[in-house]
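Engineer: Here it is, the structure in full.
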Amino acid sequence: MNDPVTQYIASHPAYREGIPTDSALHQARMTALAQFRAAGFPTTRMEQWKYTSTRLLRETPFQHVTTHDETFQLAESLLLANTAHTPWVFVNGRRNPLDSKPGGLPPGVKEVPLPSLGSPSDSHPFLNSSSRPFDNLNLAFCEDGLVLEVQPNTIIEEPLQFIFVGDAREHPAVSHPRVTVSVGHNSQITILQTHLGLGEAPCWLNSVVQFQVGANAQVNHHILHRGGDQLHYVGDVQAHLQRDARYNSTTWWLGGMWTRNDLDVHCEEPGASTTLHGLYLTDHSEHLDNHTLINHQVPRCQSQELYKGALGGKSKAVFNGRVVVQKDAQHTDSSQSNRNLLLSKQATIHTKPELEIYADDVSCAHGTTVGQMEEDELFYLRSRGIGLRDARIMLTRAFCAEILDAIPHPDIRQHVEALVDERLTQMTEGSS
Amino acid sequence: MLEINQLAARIEKTEILKGLNLSIKPGEVHAIMGPNGSGKSTLASVLAGRESYEVTGGTATFRGKDLLEMDPEDRAREGLFLAFQYPIELPGVGNSYFLKTAINAHRKYRGEDPLDAYEFLKMLKENMKVLEMDATFKNRFVNVGFSGGEKKRNEILQLLMLNPTMAVLDETDSGLDIDALRVVAKGVNHLRDQNHSFLVITHYQRLLDYIVPDYVHVLVDGKIVRSGDKSLALELEAHGYGDLAQTA
């Protein structure tokens, strides 16, 4: 098979049609394409990809595919009950022009059309890509993109919803949802971002979501992976925090064949804080790699991280939590914890805290546990008449409780709890 | 109800029960007393089906069925209940949710429909009142942050909610003050009638002032060496196990 990088480069001209070559968007895409070409696909020889091979992405002939209307309708079913405002739905990278709700956009939220993004000399965050190859691939090939601006002093109670669906029927399909959200000072928003893979053919969702969080603003971000037997998911989330800004995210991973998440939070001004939670329930031969980076660049920022996972079947999960405390970031208060419950003998977790501390007056705690279900706890439940399988589900559910209890928004909590409960009853026992 | 014949059991390589015989009929309350290490807790664990204990001989039948063949959950569903000496904590498992799940597991086994929410809450409230338990208990996680006395009370709450025909109380009185003891006994006596039997394992005679036994047995070195009525307990309190330990 031809080198996949060459394939992508060769297919790009078709994407350039209709975009003026002197536009910032075009320039940014060409730069991204060149960067992707130079870097190629990550390999397991790179430290950050040590436990996660991109072989499946390289060897599967993913291509751009058409989208069927009925898939957009199905996407509707992924929304929260009582959704009044317009969600943003990407199916195979395309947005549906018919996805408006009677409530329209919430007040204070504006959508910025892509062609109007900046001039080549003054680039908008949407047009910036990091050194990561898949971020560059995403920028080079993204079709419909989304740029949102939340005005200052705007508090929105109802969650804003993003839905990313990949639907691969006859051919392996790849798509690149790309979203940038700027949140004005003092504003507060909650985002529910849902991913789903459909179809019998392999499907690759390669998404990039970026936040610019203004002074004293708050973003609550729920990332819900609803799975797909053929779904390969690459997720790049970046948050840049200004003074006293807060970014809180929870990653709910409930399925998918192969996933790599990179979640970066940059505390760029004093007083910023971030709480990163994760819950992953892996099974069968699923592969999940959660990489996080919290970058304390300035003094007096706070970060807290708690990722919990229950691993069944022959699944493999990776947790790599990097915390960087730069030289000037005195009085940083950071804590990180990863707790894993192995439900079967063949499940594997690779867990690694990575702390790089250059300041000298900081508090940085970290801890990891890996364990099995307590026999005493199981016996206690069984001695009350609860069968072994139900007892295991109850204890796994109890393990998840801490992350579920932390959801402030009742609609999201109800929605996610139901999905977690469903996933728990479906998970196999493995040979423990 | 419960017939135990020459029961022998060990943990790892240590023999603990060495031919224990016991027969409990419906409606009877039996007490077992004995020095430390005699096998009291082992007996409770073996009856409940804890896998770390290996039965090396003898039989135990419960309501005519072979108890030792059954999984722990089936023994419970058949009507056997063990109140643990050291009830463990279940972080993340709500008390109320736990009780409801257990009750419905029993009901399903008997071919009954699950208890509806209203009936369950009513039953829970009534039983919590008998045990003088604060209403907030039902919302807490099972045994998490409970004092010793609260944990024991929670065991008896489960007893009342599950309504077993045969309840084994493993040193339920250890670590309890007189008030807690009184309430625990109140709960047990609440259930006491000709359809319910109790096996009360205790180190101290004091509990038996409140839960008056029909029979008292002395367990020494894995065997029952003497049986009598409630006056035997008073005798043990006065004279200790000394003589009996020698005859074992």
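As shown in the structure tokens, the chain order sets the letters A, B, ...; within each chain, residues go from 1, and ligands are also counted from 1 in the order they appear.
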May I have all residues of region 151-235 of chain B that DSSP, computed from the backbone, assigns to strand (DSSP E), given as an mmCIF file with N, CA and C atoms, in the first residue's frame?

Structural biologist:
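What follows is the written file out_29.cif:
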```cif
data_model
loop_
_atom_site.group_PDB
_atom_site.id
_atom_site.type_symbol
_atom_site.label_atom_id
_atom_site.label_comp_id
_atom_site.auth_asym_id
_atom_site.auth_seq_id
_atom_site.Cartn_x
_atom_site.Cartn_y
_atom_site.Cartn_z
ATOM 1 N N MET B 166 -33.085 -18.194 59.583
ATOM 2 C CA MET B 166 -31.972 -18.596 60.441
ATOM 3 C C MET B 166 -30.928 -17.493 60.445
ATOM 4 N N ALA B 167 -30.731 -16.856 61.569
ATOM 5 C CA ALA B 167 -29.763 -15.764 61.638
ATOM 6 C C ALA B 167 -28.605 -16.163 62.544
ATOM 7 N N VAL B 168 -27.406 -15.967 62.038
ATOM 8 C CA VAL B 168 -26.205 -16.250 62.821
ATOM 9 C C VAL B 168 -25.602 -14.899 63.200
ATOM 10 N N LEU B 169 -25.489 -14.641 64.475
ATOM 11 C CA LEU B 169 -24.947 -13.353 64.924
ATOM 12 C C LEU B 169 -23.550 -13.602 65.452
ATOM 13 N N ASP B 170 -22.552 -13.133 64.711
ATOM 14 C CA ASP B 170 -21.162 -13.403 65.077
ATOM 15 C C ASP B 170 -20.615 -12.285 65.962
ATOM 16 N N SER B 197 -35.140 -18.746 63.785
ATOM 17 C CA SER B 197 -34.136 -19.309 64.697
ATOM 18 C C SER B 197 -32.909 -18.428 64.707
ATOM 19 N N PHE B 198 -32.184 -18.487 65.826
ATOM 20 C CA PHE B 198 -30.992 -17.660 65.953
ATOM 21 C C PHE B 198 -29.838 -18.479 66.503
ATOM 22 N N LEU B 199 -28.666 -18.229 65.972
ATOM 23 C CA LEU B 199 -27.441 -18.793 66.537
ATOM 24 C C LEU B 199 -26.612 -17.588 66.963
ATOM 25 N N VAL B 200 -26.526 -17.388 68.274
ATOM 26 C CA VAL B 200 -25.852 -16.195 68.794
ATOM 27 C C VAL B 200 -24.459 -16.601 69.266
ATOM 28 N N ILE B 201 -23.464 -16.095 68.562
ATOM 29 C CA ILE B 201 -22.087 -16.405 68.944
ATOM 30 C C ILE B 201 -21.592 -15.245 69.782
ATOM 31 N N TYR B 215 -30.828 -22.610 74.436
ATOM 32 C CA TYR B 215 -29.708 -23.528 74.676
ATOM 33 C C TYR B 215 -28.406 -22.758 74.624
ATOM 34 N N VAL B 216 -27.456 -23.207 75.429
ATOM 35 C CA VAL B 216 -26.115 -22.624 75.397
ATOM 36 C C VAL B 216 -25.125 -23.758 75.152
ATOM 37 N N HIS B 217 -24.199 -23.528 74.220
ATOM 38 C CA HIS B 217 -23.177 -24.540 73.928
ATOM 39 C C HIS B 217 -21.811 -23.926 74.164
ATOM 40 N N VAL B 218 -20.882 -24.770 74.599
ATOM 41 C CA VAL B 218 -19.523 -24.284 74.781
ATOM 42 C C VAL B 218 -18.643 -24.905 73.719
ATOM 43 N N LEU B 219 -17.984 -24.037 72.964
ATOM 44 C CA LEU B 219 -17.105 -24.473 71.873
ATOM 45 C C LEU B 219 -15.665 -24.332 72.337
ATOM 46 N N VAL B 220 -14.976 -25.440 72.369
ATOM 47 C CA VAL B 220 -13.562 -25.406 72.750
ATOM 48 C C VAL B 220 -12.788 -26.225 71.737
ATOM 49 N N LYS B 223 -14.730 -28.016 68.818
ATOM 50 C CA LYS B 223 -15.817 -28.969 69.072
ATOM 51 C C LYS B 223 -16.717 -28.402 70.163
ATOM 52 N N ILE B 224 -17.973 -28.825 70.156
ATOM 53 C CA ILE B 224 -18.851 -28.445 71.263
ATOM 54 C C ILE B 224 -18.654 -29.464 72.380
ATOM 55 N N VAL B 225 -18.199 -28.957 73.505
ATOM 56 C CA VAL B 225 -17.849 -29.867 74.595
ATOM 57 C C VAL B 225 -18.929 -29.981 75.665
ATOM 58 N N ARG B 226 -19.814 -28.973 75.692
ATOM 59 C CA ARG B 226 -20.881 -29.043 76.686
ATOM 60 C C ARG B 226 -22.063 -28.232 76.219
ATOM 61 N N SER B 227 -23.253 -28.675 76.530
ATOM 62 C CA SER B 227 -24.468 -27.933 76.207
ATOM 63 C C SER B 227 -25.372 -27.884 77.420
ATOM 64 N N GLY B 228 -26.151 -26.820 77.476
ATOM 65 C CA GLY B 228 -27.085 -26.713 78.599
ATOM 66 C C GLY B 228 -28.091 -25.628 78.303
#
```

Engineer: Go through region 44-262 of chain A and collect every residue that DSSP, computed from the backbone, puts in helix (DSSP H, G or I); the answer should be as number ranges by chain.

Structural biologist: A: 47-49, 55-59, 69-76, 114-116, 125-127, 133-141

Engineer: Please provide as a list in words all residues within 6 Å of Trp253 (chain A), with the sequence filter that same-chain residues fewer than 2 positions apart are discarded (counting only C-alpha atoms).

Structural biologist: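 After dropping sequence-adjacent residues, the list is His225, Gly255 and Tyr280 of chain A.
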
Engineer: Can you list, as a list in words, every protein, DNA or RNA residue that comes within 10 Å of Pro125 (chain A) when you count only C-alpha atoms, leaving out same-chain residues fewer than 5 positions away?

Structural biologist: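 Listed by chain and then number, they are Leu117, Gly118, Val147, Val179, Thr180, Val181, Ser182, Gln210, Phe211 and Gln212 of chain A.
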
Engineer: Just N, CA and C atoms for this one: save the residues we selected as a CSV table (one decimal), in the first residue's frame.

Structural biologist:
```
chain,number,residue,atom,x,y,z
A,117,LEU,N,-12.1,34.6,9.1
A,117,LEU,CA,-11.1,34.5,10.2
A,117,LEU,C,-9.8,35.2,9.9
A,118,GLY,N,-9.6,36.3,10.5
A,118,GLY,CA,-8.3,37.0,10.5
A,118,GLY,C,-7.6,37.2,9.2
A,147,VAL,N,-16.4,28.1,14.8
A,147,VAL,CA,-15.8,29.0,15.6
A,147,VAL,C,-16.9,29.8,16.4
A,179,VAL,N,-13.1,22.7,16.2
A,179,VAL,CA,-14.0,23.7,16.9
A,179,VAL,C,-13.1,24.6,17.8
A,180,THR,N,-13.3,25.9,17.7
A,180,THR,CA,-12.7,26.8,18.6
A,180,THR,C,-13.7,27.6,19.3
A,181,VAL,N,-13.6,27.7,20.6
A,181,VAL,CA,-14.6,28.5,21.4
A,181,VAL,C,-13.8,29.5,22.2
A,182,SER,N,-14.2,30.8,22.0
A,182,SER,CA,-13.6,31.9,22.9
A,182,SER,C,-14.7,32.3,23.9
A,210,GLN,N,-10.7,23.6,20.8
A,210,GLN,CA,-9.8,24.5,21.6
A,210,GLN,C,-10.7,25.5,22.3
A,211,PHE,N,-10.2,25.9,23.5
A,211,PHE,CA,-10.9,26.9,24.3
A,211,PHE,C,-9.9,28.1,24.6
A,212,GLN,N,-10.4,29.3,24.4
A,212,GLN,CA,-9.7,30.4,25.0
A,212,GLN,C,-10.7,30.9,26.1
```

Engineer: Define the interface residues of chain A facing chain B as those within 12 Å, counting only C-alpha atoms, and report them as a PyMOL selection string.

Structural biologist: chain A and resi 373-405

Engineer: Quick one: write out the picked residues with C-alpha atoms as an mmCIF file, in the first residue's frame?

Structural biologist:
```cif
data_model
loop_
_atom_site.group_PDB
_atom_site.id
_atom_site.type_symbol
_atom_site.label_atom_id
_atom_site.label_comp_id
_atom_site.auth_asym_id
_atom_site.auth_seq_id
_atom_site.Cartn_x
_atom_site.Cartn_y
_atom_site.Cartn_z
ATOM 1 C CA MET A 373 -12.170 -6.078 43.423
ATOM 2 C CA GLU A 374 -12.033 -6.704 47.158
ATOM 3 C CA GLU A 375 -13.053 -10.275 48.003
ATOM 4 C CA ASP A 376 -14.451 -9.157 51.345
ATOM 5 C CA GLU A 377 -16.727 -6.630 49.676
ATOM 6 C CA LEU A 378 -17.956 -9.193 47.165
ATOM 7 C CA PHE A 379 -18.607 -11.730 49.887
ATOM 8 C CA TYR A 380 -20.550 -9.206 51.946
ATOM 9 C CA LEU A 381 -22.900 -8.517 49.044
ATOM 10 C CA ARG A 382 -23.290 -12.216 48.213
ATOM 11 C CA SER A 383 -24.011 -13.044 51.833
ATOM 12 C CA ARG A 384 -27.049 -10.771 51.488
ATOM 13 C CA GLY A 385 -28.353 -12.744 48.514
ATOM 14 C CA ILE A 386 -26.902 -10.598 45.736
ATOM 15 C CA GLY A 387 -25.531 -12.799 42.946
ATOM 16 C CA LEU A 388 -21.851 -12.659 41.987
ATOM 17 C CA ARG A 389 -22.359 -10.872 38.678
ATOM 18 C CA ASP A 390 -24.688 -8.263 40.175
ATOM 19 C CA ALA A 391 -22.327 -7.809 43.100
ATOM 20 C CA ARG A 392 -19.448 -7.088 40.728
ATOM 21 C CA ILE A 393 -21.553 -4.586 38.826
ATOM 22 C CA MET A 394 -22.563 -2.890 42.087
ATOM 23 C CA LEU A 395 -18.994 -2.543 43.229
ATOM 24 C CA THR A 396 -17.831 -1.268 39.843
ATOM 25 C CA ARG A 397 -20.681 1.222 39.909
ATOM 26 C CA ALA A 398 -19.574 2.286 43.381
ATOM 27 C CA PHE A 399 -16.094 2.831 41.970
ATOM 28 C CA CYS A 400 -17.598 5.168 39.369
ATOM 29 C CA ALA A 401 -19.688 7.084 41.913
ATOM 30 C CA GLU A 402 -17.012 9.631 42.766
ATOM 31 C CA ILE A 403 -16.773 10.926 39.197
ATOM 32 C CA LEU A 404 -20.555 10.845 38.652
ATOM 33 C CA ASP A 405 -21.203 12.698 41.898
#
```

Engineer: If you count only C-alpha atoms, which residues fall within 10 Å of Lys129 (chain B), apart from same-chain ones fewer than 6 positions away, as a PyMOL selection string?

Structural biologist: chain B and resi 123+135+157+187

Engineer: Selection from above, N, CA and C atoms, as a CSV table (one decimal), in the first residue's frame, can you write it?

Structural biologist:
```
chain,number,residue,atom,x,y,z
B,123,MET,N,-41.2,0.0,54.8
B,123,MET,CA,-40.6,-1.1,55.6
B,123,MET,C,-39.3,-0.6,56.2
B,135,ALA,N,-32.8,9.0,60.5
B,135,ALA,CA,-33.2,8.9,59.1
B,135,ALA,C,-32.1,9.1,58.1
B,157,LEU,N,-30.3,-4.0,61.1
B,157,LEU,CA,-31.3,-3.5,60.2
B,157,LEU,C,-31.4,-4.4,59.0
B,187,GLY,N,-34.0,-5.4,68.4
B,187,GLY,CA,-34.2,-5.8,67.0
B,187,GLY,C,-34.3,-7.3,66.8
```

Engineer: Ranking A:Leu241, A:Val112, A:Val325, A:Leu74 by minimum distance to His124 (chain A) and counting only C-alpha atoms, which one comes first?

Structural biologist: A:Val112

Engineer: Within 9 Å of Val209 (chain A), counting only C-alpha atoms, which residues qualify if same-chain residues fewer than 4 places away don't, as a list in words?

Structural biologist: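 The contact residues come out as Pro177, Arg178, Val179, Thr180, Val181, Gly235, Asp236, Val237, Gln238 and Ala239 of chain A.
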
Engineer: Just the selected residues (N, CA and C atoms), exported as a CSV table (one decimal), in the first residue's frame, please.

Structural biologist:
```
chain,number,residue,atom,x,y,z
A,177,PRO,N,-13.6,17.0,12.7
A,177,PRO,CA,-14.3,18.1,13.3
A,177,PRO,C,-13.3,19.0,14.0
A,178,ARG,N,-13.5,20.3,13.7
A,178,ARG,CA,-12.5,21.3,14.4
A,178,ARG,C,-13.4,22.4,14.9
A,179,VAL,N,-13.1,22.7,16.2
A,179,VAL,CA,-14.0,23.7,16.9
A,179,VAL,C,-13.1,24.6,17.8
A,180,THR,N,-13.3,25.9,17.7
A,180,THR,CA,-12.7,26.8,18.6
A,180,THR,C,-13.7,27.6,19.3
A,181,VAL,N,-13.6,27.7,20.6
A,181,VAL,CA,-14.6,28.5,21.4
A,181,VAL,C,-13.8,29.5,22.2
A,235,GLY,N,-8.5,12.5,19.7
A,235,GLY,CA,-9.1,13.8,20.3
A,235,GLY,C,-8.1,14.7,20.8
A,236,ASP,N,-8.1,15.9,20.3
A,236,ASP,CA,-7.1,16.9,20.8
A,236,ASP,C,-7.9,18.0,21.4
A,237,VAL,N,-7.7,18.2,22.7
A,237,VAL,CA,-8.5,19.3,23.4
A,237,VAL,C,-7.4,20.2,24.0
A,238,GLN,N,-7.6,21.5,23.7
A,238,GLN,CA,-6.6,22.5,24.3
A,238,GLN,C,-7.4,23.6,25.0
A,239,ALA,N,-7.0,24.0,26.2
A,239,ALA,CA,-7.6,25.1,26.9
A,239,ALA,C,-6.5,26.1,27.3
```

Engineer: Give me the residues within 12 Å of Ser231 (chain B) as a list in words, counting only C-alpha atoms and dropping any in the same chain fewer than 2 places off.

Structural biologist: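 That gives Ala31, Gln205, Leu208, Asp209, Val212, Pro213, Asp214, Tyr215, Val216, His217, Ser227, Gly228, Asp229, Ala233, Leu234, Glu235, Leu236, Glu237 and Ala238 of chain B.
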
Engineer: What does the file look like for those residues with N, CA and C atoms, as a tab-separated table (two decimals), in the first residue's frame?

Structural biologist:
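To be explicit, this is the file written out as again_30.tsv:
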```tsv
chain	number	residue	atom	x	y	z
B	31	ALA	N	-27.08	-20.25	71.86
B	31	ALA	CA	-25.90	-19.41	72.04
B	31	ALA	C	-24.67	-20.30	72.01
B	205	GLN	N	-21.38	-13.03	78.47
B	205	GLN	CA	-22.71	-13.48	78.89
B	205	GLN	C	-23.73	-12.35	78.80
B	208	LEU	N	-26.71	-12.18	76.61
B	208	LEU	CA	-27.73	-13.20	76.81
B	208	LEU	C	-28.73	-12.82	77.91
B	209	ASP	N	-28.47	-11.72	78.60
B	209	ASP	CA	-29.49	-11.18	79.51
B	209	ASP	C	-30.62	-10.58	78.68
B	212	VAL	N	-32.42	-13.92	75.44
B	212	VAL	CA	-32.37	-15.09	76.32
B	212	VAL	C	-32.39	-16.38	75.50
B	213	PRO	N	-31.34	-17.16	75.61
B	213	PRO	CA	-31.25	-18.36	74.76
B	213	PRO	C	-32.04	-19.55	75.33
B	214	ASP	N	-32.43	-20.42	74.38
B	214	ASP	CA	-33.02	-21.69	74.81
B	214	ASP	C	-31.92	-22.69	75.17
B	215	TYR	N	-30.83	-22.61	74.44
B	215	TYR	CA	-29.71	-23.53	74.68
B	215	TYR	C	-28.41	-22.76	74.62
B	216	VAL	N	-27.46	-23.21	75.43
B	216	VAL	CA	-26.12	-22.62	75.40
B	216	VAL	C	-25.12	-23.76	75.15
B	217	HIS	N	-24.20	-23.53	74.22
B	217	HIS	CA	-23.18	-24.54	73.93
B	217	HIS	C	-21.81	-23.93	74.16
B	227	SER	N	-23.25	-28.67	76.53
B	227	SER	CA	-24.47	-27.93	76.21
B	227	SER	C	-25.37	-27.88	77.42
B	228	GLY	N	-26.15	-26.82	77.48
B	228	GLY	CA	-27.08	-26.71	78.60
B	228	GLY	C	-28.09	-25.63	78.30
B	229	ASP	N	-28.78	-25.18	79.35
B	229	ASP	CA	-29.71	-24.07	79.13
B	229	ASP	C	-29.03	-22.75	79.53
B	233	ALA	N	-24.54	-20.32	80.81
B	233	ALA	CA	-23.82	-19.07	80.51
B	233	ALA	C	-23.38	-18.38	81.79
B	234	LEU	N	-24.25	-18.39	82.76
B	234	LEU	CA	-23.93	-17.75	84.04
B	234	LEU	C	-22.80	-18.49	84.74
B	235	GLU	N	-22.85	-19.81	84.61
B	235	GLU	CA	-21.80	-20.65	85.20
B	235	GLU	C	-20.45	-20.33	84.58
B	236	LEU	N	-20.43	-20.17	83.23
B	236	LEU	CA	-19.18	-19.85	82.53
B	236	LEU	C	-18.65	-18.50	82.96
B	237	GLU	N	-19.58	-17.59	83.13
B	237	GLU	CA	-19.18	-16.24	83.54
B	237	GLU	C	-18.51	-16.30	84.91
B	238	ALA	N	-19.05	-17.11	85.76
B	238	ALA	CA	-18.51	-17.20	87.12
B	238	ALA	C	-17.18	-17.95	87.15
```

Engineer: Just give me the gap between CA of Asp264 (chain A) and CA of His287 (chain A) in Å, one decimal is fine.

Structural biologist: 20.5 Å

Engineer: One decimal, in Å: what's the spacing between CA of Asn189 (chain B) and CA of Phe137 (chain B)?

Structural biologist: 21.8 Å

Engineer: Go through A:His185, A:Lys110, A:His331, A:His195 one by one, measure the shortest atom-to-atom distance of each to Arg243 (chain A) using only C-alpha atoms, and give the residue with the smallest value.

Structural biologist: A:His185

Engineer: Have a look at CA of Glu54 (chain B) and CA of Gly371 (chain A) and let me know their distance in Å, one decimal.

Structural biologist: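 Calculated distance between CA of Glu54 (chain B) and CA of Gly371 (chain A) is 25.6 Å.
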
Engineer: Of the residues A:Gln297, A:Gln304, A:Ser175, A:Gln242, which is the one nearest to Gln326 (chain A), using only C-alpha atoms?

Structural biologist: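 Looking at the shortest contact to Gln326 (chain A), the residue is A:Gln297.
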